[in-house]
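Have a look at protein_18.txt below; it lists compact mmCIF, C-alpha atoms and all ligand atoms.
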```txt
# COMPACT_ATOMS: atom_id res chain seq x y z
CA MET N 1 -0.83 -5.75 -18.68
CA ASN N 2 -1.81 -9.04 -17.10
CA GLU N 3 -2.18 -11.09 -20.27
CA PHE N 4 0.98 -9.52 -21.65
CA VAL N 5 2.98 -10.52 -18.58
CA GLU N 6 1.52 -14.00 -18.51
CA THR N 7 2.59 -14.69 -22.06
CA ILE N 8 6.15 -13.40 -21.77
CA LEU N 9 7.00 -15.06 -18.46
CA ALA N 10 7.60 -18.80 -18.64
CA LEU N 11 5.62 -19.57 -15.50
CA GLN N 12 3.99 -22.85 -14.49
CA TRP N 13 0.24 -22.47 -13.84
CA HIS N 14 -1.08 -25.48 -11.89
CA PRO N 15 -4.59 -26.63 -10.97
CA PRO N 16 -5.22 -26.37 -7.20
CA LYS N 17 -4.02 -29.16 -4.94
CA PRO N 18 -6.49 -30.47 -2.32
CA SER N 19 -4.29 -29.24 0.51
CA TYR N 20 -1.49 -26.74 1.27
CA ASP N 21 0.56 -25.81 4.32
CA VAL N 22 -0.43 -22.17 3.83
CA VAL N 23 -3.31 -20.69 1.83
CA ILE N 24 -3.16 -16.94 1.22
CA ILE N 25 -6.38 -15.22 0.10
CA GLY N 26 -5.64 -12.32 -2.26
CA ALA N 27 -2.91 -11.90 -4.90
CA GLY N 28 -2.18 -8.26 -4.19
CA GLY N 29 1.22 -7.03 -3.09
CA HIS N 30 0.85 -8.18 0.53
CA GLY N 31 -0.37 -11.71 -0.25
CA LEU N 32 2.26 -12.28 -2.94
CA ALA N 33 5.12 -10.76 -0.93
CA THR N 34 4.23 -13.02 2.02
CA ALA N 35 4.29 -16.04 -0.32
CA TYR N 36 7.59 -14.88 -1.85
CA TYR N 37 9.33 -14.47 1.52
CA LEU N 38 7.90 -17.76 2.84
CA ALA N 39 9.50 -19.49 -0.14
CA THR N 40 12.77 -17.57 -0.40
CA ARG N 41 13.60 -16.86 3.27
CA HIS N 42 12.05 -19.90 4.96
CA GLY N 43 11.89 -22.65 2.30
CA ILE N 44 8.09 -22.99 2.73
CA THR N 45 6.78 -23.59 -0.79
CA ASN N 46 3.65 -25.72 -0.29
CA VAL N 47 1.70 -22.47 -0.50
CA ALA N 48 -1.25 -21.31 -2.62
CA VAL N 49 -2.25 -17.72 -3.28
CA LEU N 50 -5.93 -17.58 -4.29
CA GLU N 51 -7.09 -14.57 -6.26
CA ALA N 52 -10.73 -13.73 -7.04
CA SER N 53 -9.76 -11.86 -10.20
CA TYR N 54 -6.29 -11.40 -11.73
CA ILE N 55 -2.93 -10.73 -10.07
CA GLY N 56 -2.73 -7.11 -8.88
CA SER N 57 -6.36 -6.35 -9.71
CA GLY N 58 -6.95 -4.75 -6.30
CA ASN N 59 -5.34 -1.65 -4.81
CA SER N 60 -1.82 -2.88 -5.54
CA GLY N 61 -2.50 -2.17 -9.21
CA ARG N 62 -4.40 1.09 -8.59
CA ASN N 63 -2.23 3.15 -6.28
CA THR N 64 -0.09 6.24 -6.81
CA THR N 65 3.12 4.28 -6.03
CA ILE N 66 4.62 6.54 -3.37
CA ILE N 67 7.18 4.93 -1.09
CA ARG N 68 8.28 6.85 1.98
CA ALA N 69 8.96 6.49 5.70
CA ASN N 70 8.30 10.00 7.09
CA TYR N 71 5.58 8.87 9.46
CA GLY N 72 4.62 10.32 12.84
CA ILE N 73 5.27 7.62 15.46
CA PRO N 74 8.48 5.61 16.04
CA GLU N 75 6.88 2.22 15.36
CA SER N 76 5.64 3.33 11.92
CA ILE N 77 8.82 5.16 10.94
CA ARG N 78 10.97 2.08 11.69
CA PHE N 79 8.57 -0.22 9.85
CA TYR N 80 8.28 1.93 6.70
CA GLN N 81 12.00 2.79 6.69
CA HIS N 82 12.75 -0.94 6.63
CA SER N 83 10.29 -1.34 3.76
CA LEU N 84 11.85 1.58 1.89
CA GLU N 85 15.25 -0.12 2.21
CA LEU N 86 13.87 -3.49 1.01
CA TYR N 87 12.42 -1.65 -2.02
CA ARG N 88 15.87 -0.24 -2.86
CA SER N 89 17.31 -3.74 -3.22
CA LEU N 90 14.21 -5.42 -4.70
CA GLU N 91 15.41 -5.22 -8.31
CA ASP N 92 18.72 -6.90 -7.41
CA GLU N 93 17.00 -9.49 -5.25
CA THR N 94 14.28 -10.51 -7.71
CA GLY N 95 16.05 -9.73 -10.99
CA CYS N 96 12.92 -7.80 -12.08
CA TRP N 97 12.95 -4.16 -13.17
CA ILE N 98 10.37 -2.47 -10.95
CA MET N 99 11.24 1.05 -12.19
CA HIS N 100 12.32 2.15 -8.71
CA SER N 101 13.26 5.82 -8.63
CA THR N 102 14.35 7.85 -5.59
CA LYS N 103 12.78 11.33 -5.94
CA GLY N 104 12.59 12.98 -2.51
CA LEU N 105 9.33 14.30 -1.09
CA LEU N 106 8.46 17.87 -0.11
CA TRP N 107 5.79 18.06 2.57
CA LEU N 108 4.55 21.65 2.44
CA ALA N 109 3.47 23.79 5.41
CA HIS N 110 1.22 26.86 5.11
CA THR N 111 0.63 27.70 8.77
CA GLU N 112 2.72 28.05 11.93
CA SER N 113 1.08 24.98 13.45
CA ALA N 114 1.97 22.93 10.35
CA MET N 115 5.54 24.23 10.58
CA ARG N 116 5.72 23.00 14.19
CA ALA N 117 4.33 19.61 13.13
CA GLU N 118 6.91 19.33 10.31
CA ARG N 119 9.80 20.30 12.61
CA ALA N 120 8.69 17.62 15.08
CA ARG N 121 8.38 15.12 12.21
CA CYS N 122 11.97 15.83 11.13
CA LEU N 123 13.36 15.27 14.62
CA LEU N 124 11.43 12.04 15.15
CA ASN N 125 12.23 10.74 11.65
CA VAL N 126 15.96 11.27 12.10
CA ALA N 127 15.88 9.69 15.57
CA CYS N 128 14.21 6.60 14.07
CA GLY N 129 16.44 6.29 11.01
CA ALA N 130 14.51 8.15 8.26
CA GLU N 131 16.24 11.07 6.54
CA THR N 132 13.94 14.14 6.77
CA VAL N 133 15.11 17.77 7.02
CA MET N 134 13.37 21.17 7.20
CA VAL N 135 13.82 23.42 4.16
CA THR N 136 13.03 27.11 3.62
CA PRO N 137 10.58 28.20 0.90
CA GLU N 138 13.53 29.15 -1.34
CA GLU N 139 15.15 25.74 -0.82
CA ALA N 140 11.81 24.11 -1.60
CA ARG N 141 11.70 26.01 -4.90
CA THR N 142 15.24 24.93 -5.72
CA ILE N 143 14.08 21.33 -5.30
CA CYS N 144 10.84 22.02 -7.23
CA PRO N 145 11.19 25.07 -9.54
CA GLN N 146 7.51 24.81 -10.61
CA LEU N 147 6.27 25.56 -7.08
CA ASP N 148 4.32 28.82 -6.60
CA LEU N 149 5.52 29.90 -3.16
CA SER N 150 2.52 32.20 -2.76
CA GLY N 151 0.19 29.21 -3.26
CA GLY N 152 -1.85 31.19 -5.77
CA GLY N 153 -1.99 34.05 -3.25
CA ARG N 154 -4.06 31.86 -0.89
CA TYR N 155 -1.75 29.21 0.53
CA PRO N 156 1.73 30.73 1.00
CA VAL N 157 4.46 28.16 1.60
CA LEU N 158 6.14 28.91 4.96
CA GLY N 159 8.52 25.96 4.68
CA ALA N 160 8.52 22.22 4.17
CA SER N 161 9.96 19.01 5.47
CA TYR N 162 12.03 17.21 2.83
CA HIS N 163 12.11 13.43 3.02
CA VAL N 164 15.20 12.59 1.03
CA GLY N 165 14.67 8.85 0.50
CA ALA N 166 11.09 8.98 -0.82
CA ALA N 167 10.66 7.03 -4.04
CA THR N 168 8.24 5.58 -6.54
CA ALA N 169 8.14 2.17 -8.27
CA ARG N 170 5.87 0.80 -10.98
CA HIS N 171 3.05 -0.89 -9.03
CA ASP N 172 2.17 -3.81 -11.32
CA ARG N 173 5.85 -4.60 -11.83
CA VAL N 174 6.26 -4.87 -8.05
CA VAL N 175 3.31 -7.24 -7.82
CA TRP N 176 4.59 -9.35 -10.71
CA ALA N 177 8.15 -9.42 -9.32
CA TYR N 178 6.78 -11.07 -6.18
CA ALA N 179 4.40 -13.36 -8.10
CA GLN N 180 7.15 -14.52 -10.44
CA GLY N 181 9.67 -15.00 -7.60
CA ALA N 182 7.19 -17.02 -5.54
CA MET N 183 5.99 -19.16 -8.48
CA ARG N 184 9.54 -19.98 -9.57
CA LYS N 185 10.07 -21.43 -6.06
CA GLY N 186 6.97 -23.64 -6.39
CA VAL N 187 4.17 -21.50 -4.93
CA ASP N 188 0.82 -21.94 -6.72
CA VAL N 189 -0.90 -18.70 -7.70
CA LEU N 190 -4.50 -19.43 -8.69
CA GLN N 191 -6.26 -16.60 -10.50
CA HIS N 192 -10.06 -16.37 -10.90
CA THR N 193 -10.48 -18.44 -7.73
CA PRO N 194 -12.62 -16.43 -5.29
CA VAL N 195 -12.80 -17.68 -1.72
CA THR N 196 -16.46 -17.99 -0.78
CA GLY N 197 -16.17 -19.47 2.70
CA LEU N 198 -13.82 -20.82 5.35
CA LEU N 199 -13.62 -24.47 6.43
CA ARG N 200 -13.85 -24.86 10.22
CA ASP N 201 -13.13 -27.65 12.67
CA GLY N 202 -14.60 -26.26 15.85
CA GLU N 203 -12.84 -22.95 16.50
CA ARG N 204 -10.01 -23.66 14.08
CA VAL N 205 -9.94 -22.52 10.45
CA THR N 206 -8.78 -25.53 8.45
CA GLY N 207 -9.08 -24.33 4.87
CA VAL N 208 -11.12 -22.40 2.36
CA GLN N 209 -14.15 -22.96 0.19
CA THR N 210 -13.59 -21.67 -3.34
CA ALA N 211 -15.74 -21.38 -6.42
CA ASN N 212 -13.82 -24.45 -7.66
CA GLY N 213 -14.17 -26.53 -4.49
CA PRO N 214 -12.65 -26.83 -1.00
CA ILE N 215 -8.92 -26.56 -0.25
CA SER N 216 -7.60 -27.50 3.16
CA ALA N 217 -4.75 -25.60 4.77
CA GLY N 218 -2.51 -25.71 7.82
CA LEU N 219 -3.00 -21.97 8.04
CA VAL N 220 -5.09 -19.37 6.19
CA LEU N 221 -3.94 -15.76 5.75
CA SER N 222 -6.38 -13.10 4.59
CA ALA N 223 -4.66 -10.49 2.39
CA VAL N 224 -7.75 -9.27 0.58
CA GLY N 225 -7.28 -5.51 0.51
CA GLY N 226 -10.62 -3.70 0.87
CA ASN N 227 -12.61 -6.91 1.39
CA VAL N 228 -11.30 -7.99 4.77
CA SER N 229 -14.51 -7.42 6.74
CA THR N 230 -16.29 -10.03 4.58
CA ILE N 231 -13.57 -12.66 4.93
CA ALA N 232 -13.03 -11.98 8.66
CA ALA N 233 -16.77 -12.35 9.30
CA MET N 234 -16.52 -15.90 7.90
CA ALA N 235 -14.14 -16.64 10.80
CA ASP N 236 -16.37 -14.77 13.29
CA VAL N 237 -13.69 -12.08 13.64
CA ARG N 238 -14.82 -8.46 13.90
CA LEU N 239 -12.13 -5.97 12.93
CA PRO N 240 -11.92 -2.21 13.70
CA ILE N 241 -11.99 -1.47 9.96
CA ARG N 242 -14.12 0.77 7.75
CA THR N 243 -13.85 0.57 3.98
CA HIS N 244 -13.61 3.81 2.02
CA PRO N 245 -12.98 4.58 -1.66
CA LEU N 246 -9.79 6.44 -2.60
CA GLN N 247 -9.45 8.14 -5.98
CA ALA N 248 -6.61 9.29 -8.21
CA PHE N 249 -6.08 10.69 -11.72
CA VAL N 250 -3.40 11.36 -14.33
CA THR N 251 -2.95 14.10 -16.92
CA ASN N 252 -1.24 14.01 -20.27
CA ALA N 253 2.57 14.16 -20.29
CA TYR N 254 4.41 17.20 -18.96
CA ALA N 255 7.49 17.40 -21.13
CA GLN N 256 9.66 19.64 -18.93
CA GLY N 257 10.05 16.94 -16.28
CA PHE N 258 9.06 17.13 -12.61
CA GLY N 259 11.54 15.84 -10.04
CA PRO N 260 10.15 15.39 -6.53
CA ILE N 261 6.92 14.23 -4.95
CA ILE N 262 4.86 17.12 -3.53
CA SER N 263 2.58 16.44 -0.62
CA ASP N 264 0.34 18.72 1.39
CA THR N 265 -1.54 17.58 4.49
CA GLU N 266 -3.22 20.93 5.01
CA LEU N 267 -4.74 20.88 1.52
CA PHE N 268 -4.95 17.04 1.45
CA CYS N 269 -3.41 16.45 -1.96
CA TYR N 270 -0.22 15.09 -3.51
CA VAL N 271 1.45 15.18 -6.91
CA SER N 272 4.21 13.24 -8.68
CA GLN N 273 5.22 12.43 -12.24
CA THR N 274 5.02 8.93 -13.71
CA ALA N 275 7.76 7.36 -15.81
CA ARG N 276 5.62 8.16 -18.88
CA GLY N 277 5.68 11.85 -17.97
CA GLN N 278 2.06 12.04 -16.86
CA MET N 279 1.24 14.06 -13.74
CA LEU N 280 -0.31 11.78 -11.11
CA MET N 281 -2.50 13.21 -8.36
CA GLY N 282 -4.47 12.07 -5.37
CA ALA N 283 -6.23 13.42 -2.29
CA GLU N 284 -7.95 12.20 0.87
CA PHE N 285 -10.22 9.14 0.90
CA ASP N 286 -13.95 9.60 0.28
CA PRO N 287 -15.66 10.36 3.63
CA GLN N 288 -18.58 7.95 3.05
CA PRO N 289 -17.71 4.26 3.70
CA SER N 290 -18.48 2.30 0.54
CA TYR N 291 -17.37 -0.55 -1.70
CA SER N 292 -18.00 1.54 -4.81
CA LEU N 293 -15.31 1.74 -7.48
CA GLY N 294 -17.10 4.70 -9.05
CA SER N 295 -15.04 7.84 -9.72
CA SER N 296 -16.50 11.28 -9.10
CA PHE N 297 -16.37 14.70 -10.74
CA ASN N 298 -16.33 16.22 -7.22
CA PHE N 299 -12.97 14.62 -6.55
CA LEU N 300 -11.50 15.86 -9.85
CA GLN N 301 -12.79 19.36 -9.22
CA SER N 302 -11.59 19.71 -5.61
CA CYS N 303 -8.21 18.04 -6.16
CA SER N 304 -7.52 20.10 -9.33
CA ALA N 305 -8.41 23.35 -7.55
CA LYS N 306 -5.95 22.61 -4.76
CA VAL N 307 -2.99 21.38 -6.79
CA THR N 308 -3.20 24.20 -9.34
CA HIS N 309 -2.74 26.76 -6.52
CA LEU N 310 0.60 25.14 -5.73
CA LEU N 311 1.69 24.16 -9.26
CA PRO N 312 0.12 26.58 -11.78
CA PHE N 313 1.55 24.71 -14.83
CA LEU N 314 -0.97 21.93 -14.16
CA ARG N 315 -3.74 24.22 -15.48
CA ASP N 316 -2.42 23.69 -19.03
CA LEU N 317 -2.60 19.89 -18.86
CA ARG N 318 -5.57 17.66 -19.65
CA ILE N 319 -6.98 14.98 -17.39
CA LEU N 320 -6.61 11.62 -19.13
CA ARG N 321 -7.88 9.01 -16.68
CA GLN N 322 -9.29 8.70 -13.19
CA TRP N 323 -9.87 5.60 -11.09
CA THR N 324 -10.76 4.37 -7.61
CA GLY N 325 -9.74 1.66 -5.16
CA ILE N 326 -11.42 0.53 -1.96
CA CYS N 327 -9.31 0.85 1.17
CA ASP N 328 -9.69 -0.96 4.48
CA ILE N 329 -8.98 1.78 7.00
CA SER N 330 -8.31 0.93 10.63
CA THR N 331 -9.53 3.18 13.42
CA ASP N 332 -5.95 4.24 14.32
CA PHE N 333 -4.74 4.54 10.68
CA SER N 334 -2.15 1.80 11.18
CA PRO N 335 -2.04 -1.72 9.74
CA ILE N 336 -3.31 -4.82 11.52
CA MET N 337 -1.05 -7.84 11.08
CA GLY N 338 -0.88 -11.30 12.58
CA GLU N 339 -3.02 -13.55 14.79
CA THR N 340 -6.76 -12.95 15.09
CA GLY N 341 -7.55 -15.09 18.13
CA VAL N 342 -9.06 -17.77 15.85
CA PRO N 343 -6.58 -20.66 15.49
CA GLY N 344 -5.37 -21.12 11.92
CA PHE N 345 -6.58 -17.69 10.71
CA LEU N 346 -4.28 -14.67 10.30
CA VAL N 347 -4.77 -11.27 8.67
CA THR N 348 -2.64 -8.62 7.03
CA THR N 349 -4.98 -5.68 6.65
CA GLY N 350 -5.68 -2.06 7.50
CA TRP N 351 -3.31 -1.00 4.74
CA GLY N 352 -5.72 1.76 3.84
CA THR N 353 -4.33 4.49 1.64
CA TRP N 354 -0.70 3.72 2.58
CA GLY N 355 0.02 0.03 2.03
CA PHE N 356 1.94 0.00 -1.27
CA LYS N 357 5.09 1.29 0.42
CA ALA N 358 4.68 -1.43 3.04
CA ILE N 359 4.54 -4.42 0.70
CA PRO N 360 8.15 -5.65 1.18
CA ALA N 361 8.23 -5.22 4.97
CA GLY N 362 4.65 -6.43 5.44
CA GLY N 363 5.33 -9.59 3.40
CA GLU N 364 8.65 -10.25 5.09
CA GLN N 365 7.25 -9.81 8.61
CA MET N 366 4.14 -11.93 7.97
CA ALA N 367 6.29 -14.70 6.44
CA GLU N 368 8.55 -14.71 9.50
CA LEU N 369 5.56 -14.94 11.84
CA ILE N 370 4.05 -17.82 9.86
CA ALA N 371 7.34 -19.70 9.47
CA THR N 372 8.66 -19.35 13.01
CA GLY N 373 5.52 -18.85 15.09
CA ARG N 374 7.32 -15.92 16.74
CA THR N 375 6.16 -12.32 16.39
CA PRO N 376 8.86 -10.25 14.64
CA VAL N 377 9.83 -7.05 16.38
CA LEU N 378 8.66 -4.66 13.61
CA LEU N 379 5.25 -6.36 13.40
CA GLU N 380 4.68 -6.59 17.16
CA PRO N 381 3.13 -3.09 17.66
CA PHE N 382 0.62 -3.69 14.84
CA GLN N 383 -1.14 -6.79 16.17
CA LEU N 384 -4.93 -6.86 16.49
CA ASP N 385 -4.84 -7.25 20.28
CA ARG N 386 -3.51 -3.68 20.63
CA PHE N 387 -7.11 -2.44 20.53
CA ALA N 388 -8.17 -4.70 23.42
CA ARG N 389 -5.04 -3.62 25.33
CA ASP N 390 -5.87 0.05 24.67
CA LEU N 391 -2.56 0.56 22.84
CA PRO N 392 -3.66 2.00 19.47
CA MET N 393 -0.91 3.10 17.05
CA ALA N 394 -2.60 6.37 16.08
CA ASP N 395 -0.70 7.79 13.11
CA GLN N 396 -2.25 10.01 10.47
CA GLY N 397 1.09 10.15 8.68
CA SER N 398 -0.55 9.27 5.37
CA THR N 399 -1.49 11.98 2.89
CA GLY N 400 -4.88 10.46 2.25
CA THR N 401 -5.97 10.56 5.90
CA ARG N 402 -7.62 13.30 7.87
C1 LIG N 501 -5.99 5.46 -5.55
C2 LIG N 501 -5.05 4.84 -4.55
C3 LIG N 501 -3.82 5.43 -4.33
C4 LIG N 501 -2.92 4.87 -3.41
N1 LIG N 501 -1.68 5.39 -3.29
C5 LIG N 501 -0.77 4.83 -2.47
C6 LIG N 501 0.55 5.32 -2.41
O1 LIG N 501 0.92 6.25 -3.12
N2 LIG N 501 1.43 4.74 -1.54
C7 LIG N 501 1.05 3.71 -0.73
O2 LIG N 501 1.88 3.24 0.06
N3 LIG N 501 -0.19 3.16 -0.80
C8 LIG N 501 -1.11 3.70 -1.65
N4 LIG N 501 -2.38 3.18 -1.74
C9 LIG N 501 -2.75 2.04 -0.87
C10 LIG N 501 -2.25 0.70 -1.43
O3 LIG N 501 -2.55 0.60 -2.79
C11 LIG N 501 -2.87 -0.47 -0.67
O4 LIG N 501 -2.75 -0.25 0.72
C12 LIG N 501 -2.16 -1.78 -1.01
O5 LIG N 501 -2.08 -1.97 -2.40
C13 LIG N 501 -2.91 -2.94 -0.38
O6 LIG N 501 -2.35 -4.13 -0.86
P1 LIG N 501 -3.04 -5.51 -0.52
O7 LIG N 501 -2.17 -6.58 -1.08
O8 LIG N 501 -3.34 -5.55 0.94
O9 LIG N 501 -4.47 -5.44 -1.23
P2 LIG N 501 -4.90 -5.50 -2.76
O10 LIG N 501 -3.82 -5.06 -3.67
O11 LIG N 501 -6.20 -4.81 -2.84
O12 LIG N 501 -5.07 -7.05 -3.04
C14 LIG N 501 -6.12 -7.79 -2.49
C15 LIG N 501 -6.54 -8.84 -3.49
O13 LIG N 501 -7.47 -9.73 -2.86
C16 LIG N 501 -8.40 -10.14 -3.83
N5 LIG N 501 -9.60 -10.66 -3.16
C17 LIG N 501 -10.56 -9.95 -2.51
N6 LIG N 501 -11.50 -10.77 -2.03
C18 LIG N 501 -11.13 -12.03 -2.37
C19 LIG N 501 -11.70 -13.33 -2.19
N7 LIG N 501 -12.87 -13.51 -1.52
N8 LIG N 501 -11.06 -14.42 -2.69
C20 LIG N 501 -9.88 -14.26 -3.35
N9 LIG N 501 -9.31 -13.06 -3.57
C21 LIG N 501 -9.93 -11.97 -3.08
C22 LIG N 501 -8.66 -8.90 -4.65
O14 LIG N 501 -9.17 -9.22 -5.94
C23 LIG N 501 -7.26 -8.27 -4.72
O15 LIG N 501 -6.56 -8.62 -5.88
C24 LIG N 501 -3.30 3.71 -2.66
C25 LIG N 501 -4.55 3.13 -2.87
C26 LIG N 501 -5.41 3.66 -3.82
C27 LIG N 501 -6.75 3.03 -4.05
```

Re-express the file's structure as structure tokens.
Ligand SMILES: Cc1cc2nc3c(=O)[nH]c(=O)nc-3n(C[C@H](O)[C@H](O)[C@H](O)COP(=O)(O)OP(=O)(O)OC[C@H]3O[C@@H](n4cnc5c(N)ncnc54)[C@H](O)[C@@H]3O)c2cc1C
Amino acid sequence: MNEFVETILALQWHPPKPSYDVVIIGAGGHGLATAYYLATRHGITNVAVLEASYIGSGNSGRNTTIIRANYGIPESIRFYQHSLELYRSLEDETGCWIMHSTKGLLWLAHTESAMRAERARCLLNVACGAETVMVTPEEARTICPQLDLSGGGRYPVLGASYHVGAATARHDRVVWAYAQGAMRKGVDVLQHTPVTGLLRDGERVTGVQTANGPISAGLVLSAVGGNVSTIAAMADVRLPIRTHPLQAFVTNAYAQGFGPIISDTELFCYVSQTARGQMLMGAEFDPQPSYSLGSSFNFLQSCSAKVTHLLPFLRDLRILRQWTGICDISTDFSPIMGETGVPGFLVTTGWGTWGFKAIPAGGEQMAELIATGRTPVLLEPFQLDRFARDLPMADQGSTGTR
């Protein structure tokens, strides 16, 4: 994908300059979106995005592409709803086809306590601007005719919340839309340029050390996905982050077509269909913290057992591929964005199993903070100092979290 894109896009690839106003570490969705909005919204183009490998080689090119805003606390719902809306207009804004498709998401409930949680979710979502309604089992089957309402006789569906605006978009197209948009404005994206250290002048971070030499910077932003603890340690910043693998897999194509996204927080699994017709599935993150990209048979076995109770047609499909990403998971399951207490060093991290949907809003909010020096209102609750102030944003509104 990467080489293909590089050859068809007429982009200018420059050698690094000795100095930039802003250096962003990591060319995943968050780093590139921040660069894009710095250039397009604020006219700041003396920016470099440094990538250890190739564009989108981290989680932004490995995720299951679900975009939704049906979270569990007002701060998250408003943030992700804004992101969902930015996604809707991203093709028009960038001129790139990101294969955005609004599908709706059914969040199934099998117990009375889950029904209460889903009813509360609906009320809070609507109050905060996200369209989520309760549906009966029969309505759920109208939306998804393949659903076995008895859950294979073990997990009967008592009802579901239905998040109308949930969508998917092709992940590497999103990443490349931002890369292309930023580069066309003059941002340098430097692939195969790992950052190996930070330059310091006393307390202040003044640049980065790369495999190809030092680069000085007015400001350094870490957007390194699952590697933030390593980069933050270089600035003597300790973050409330643990890194866990998260796995996913696809089957061969299911010709009949499958409309919505199905999610289940009691069984910890979710299912959707890709544009190629493959069935795409995921579950909770691996419990053991690790930087391993290894995939496991255990995951395939447990996820398959759960999803086939809900969608029996999946038993007739074959598993084609499985893969893993490493997720930086914060202790309150919410992102950490902004200042770190070390002058010149910012982070956008803690995107865990849920950060693909957040790429537009995360990039936009970080760009505004960097450009204006003022903390934007949607970002404000997600600053690092919330932990010191005992104001965690606890929200296990992501399917992959327990
Ligand atoms: C299997 C799976 C399924 C998921 N499904 C969903 C989903 O359905 N919906 C959702 O919203 N989210 C999902 N996520 C989460 C989402 O993918 C991530 O939260 C998001 O992509 C994080 O983006 P990022 O830009 O912060 O990091 P990344 O995309 O990981 O980018 C970080 C980049 O930094 C680079 N880097 C690291 N260290 C250095 C260094 N020292 N120097 C230079 N570069 C460096 C890496 O090579 C990488 O390219 C999923 C994740 C996985 C793994």

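Proximity ranking of N:Glu112, N:Asp236, N:Glu364, N:Glu51 relative to ligand LIG 501 (chain N) places N:Glu51 first, based on only C-alpha atoms and all ligand atoms.
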
If you take all atoms listed in the file and a cut-off of 7 Å, which residues of chain N touch ligand LIG 501 (chain N), and what are their nearest atom pairs and distances in Å to one decimal, in chain and number order, as a tab-separated table?
```
residue	atom	partner	partner_atom	distance
N:Ile25	CA	N:LIG501	C20	5.0
N:Gly26	CA	N:LIG501	O13	3.2
N:Ala27	CA	N:LIG501	C15	5.0
N:Gly28	CA	N:LIG501	O12	3.3
N:Gly29	CA	N:LIG501	O7	4.0
N:His30	CA	N:LIG501	O7	3.8
N:Gly31	CA	N:LIG501	O7	5.5
N:Leu50	CA	N:LIG501	C20	5.2
N:Glu51	CA	N:LIG501	N9	3.8
N:Ala52	CA	N:LIG501	N9	3.8
N:Ser53	CA	N:LIG501	O14	5.0
N:Tyr54	CA	N:LIG501	O15	6.5
N:Ile55	CA	N:LIG501	O15	5.9
N:Gly56	CA	N:LIG501	O15	5.1
N:Ser57	CA	N:LIG501	O15	4.5
N:Gly58	CA	N:LIG501	O11	3.5
N:Asn59	CA	N:LIG501	O11	3.8
N:Ser60	CA	N:LIG501	O5	3.3
N:Gly61	CA	N:LIG501	O10	6.4
N:Arg62	CA	N:LIG501	C27	5.5
N:Asn63	CA	N:LIG501	C3	3.4
N:Thr64	CA	N:LIG501	O1	3.8
N:Thr65	CA	N:LIG501	O1	4.1
N:Ile66	CA	N:LIG501	O1	3.7
N:Ile67	CA	N:LIG501	O2	5.7
N:Thr193	CA	N:LIG501	C20	6.1
N:Pro194	CA	N:LIG501	N8	3.6
N:Val195	CA	N:LIG501	N8	3.8
N:Thr196	CA	N:LIG501	N7	5.8
N:Ala223	CA	N:LIG501	O8	5.3
N:Val224	CA	N:LIG501	O13	3.5
N:Gly225	CA	N:LIG501	O9	3.3
N:Gly226	CA	N:LIG501	O11	5.9
N:Asn227	CA	N:LIG501	N6	5.3
N:Ile231	CA	N:LIG501	N7	6.5
N:Pro245	CA	N:LIG501	C27	6.9
N:Leu246	CA	N:LIG501	C27	4.8
N:Gln247	CA	N:LIG501	C1	4.4
N:Ala248	CA	N:LIG501	C1	4.7
N:Gly282	CA	N:LIG501	C3	6.8
N:Trp323	CA	N:LIG501	C1	6.8
N:Thr324	CA	N:LIG501	C1	5.3
N:Gly325	CA	N:LIG501	C27	3.5
N:Ile326	CA	N:LIG501	C27	5.7
N:Cys327	CA	N:LIG501	C27	6.2
N:Thr348	CA	N:LIG501	O8	6.9
N:Thr349	CA	N:LIG501	O8	5.9
N:Trp351	CA	N:LIG501	O4	4.1
N:Gly352	CA	N:LIG501	O4	4.8
N:Thr353	CA	N:LIG501	C9	3.8
N:Trp354	CA	N:LIG501	N3	3.5
N:Gly355	CA	N:LIG501	O4	3.1
N:Phe356	CA	N:LIG501	O2	3.5
N:Lys357	CA	N:LIG501	O2	3.8
N:Ala358	CA	N:LIG501	O2	6.2
```

Return as CSV the residues of range 238-309 of chain N lying at most 7 Å from range 89-107 of chain N, together with the closest atom-to-atom pair for each and the distance in Å to one decimal, counting all atoms listed in the file, with rows in chain order and ascending residue number.
```
residue,atom,partner,partner_atom,distance
N:Gly259,CA,N:Lys103,CA,6.2
N:Pro260,CA,N:Lys103,CA,4.9
N:Ile261,CA,N:Leu105,CA,4.6
N:Ile262,CA,N:Leu106,CA,5.0
N:Ser263,CA,N:Trp107,CA,4.8
N:Asp264,CA,N:Trp107,CA,5.6
```

Can you pull out every residue within 9 Å of Val133 in chain N, counting only C-alpha atoms, but drop anything in the same chain fewer than 6 positions away, and send it as a list in words? Glu118, Arg119, Arg121, Cys122, Leu123, Asn125, Val126, Ala160, Ser161, Tyr162, His163 and Val164 of chain N

Just to be explicit: take each residue in the selection above, keep C-alpha atoms, and write the result as a PDB file, in the coordinates of the input.
```pdb
ATOM      1  CA  GLU N 118       6.910  19.330  10.310  1.00  0.00           C
ATOM      2  CA  ARG N 119       9.800  20.300  12.610  1.00  0.00           C
ATOM      3  CA  ARG N 121       8.380  15.120  12.210  1.00  0.00           C
ATOM      4  CA  CYS N 122      11.970  15.830  11.130  1.00  0.00           C
ATOM      5  CA  LEU N 123      13.360  15.270  14.620  1.00  0.00           C
ATOM      6  CA  ASN N 125      12.230  10.740  11.650  1.00  0.00           C
ATOM      7  CA  VAL N 126      15.960  11.270  12.100  1.00  0.00           C
ATOM      8  CA  ALA N 160       8.520  22.220   4.170  1.00  0.00           C
ATOM      9  CA  SER N 161       9.960  19.010   5.470  1.00  0.00           C
ATOM     10  CA  TYR N 162      12.030  17.210   2.830  1.00  0.00           C
ATOM     11  CA  HIS N 163      12.110  13.430   3.020  1.00  0.00           C
ATOM     12  CA  VAL N 164      15.200  12.590   1.030  1.00  0.00           C
TER      13      VAL N 164
END
```
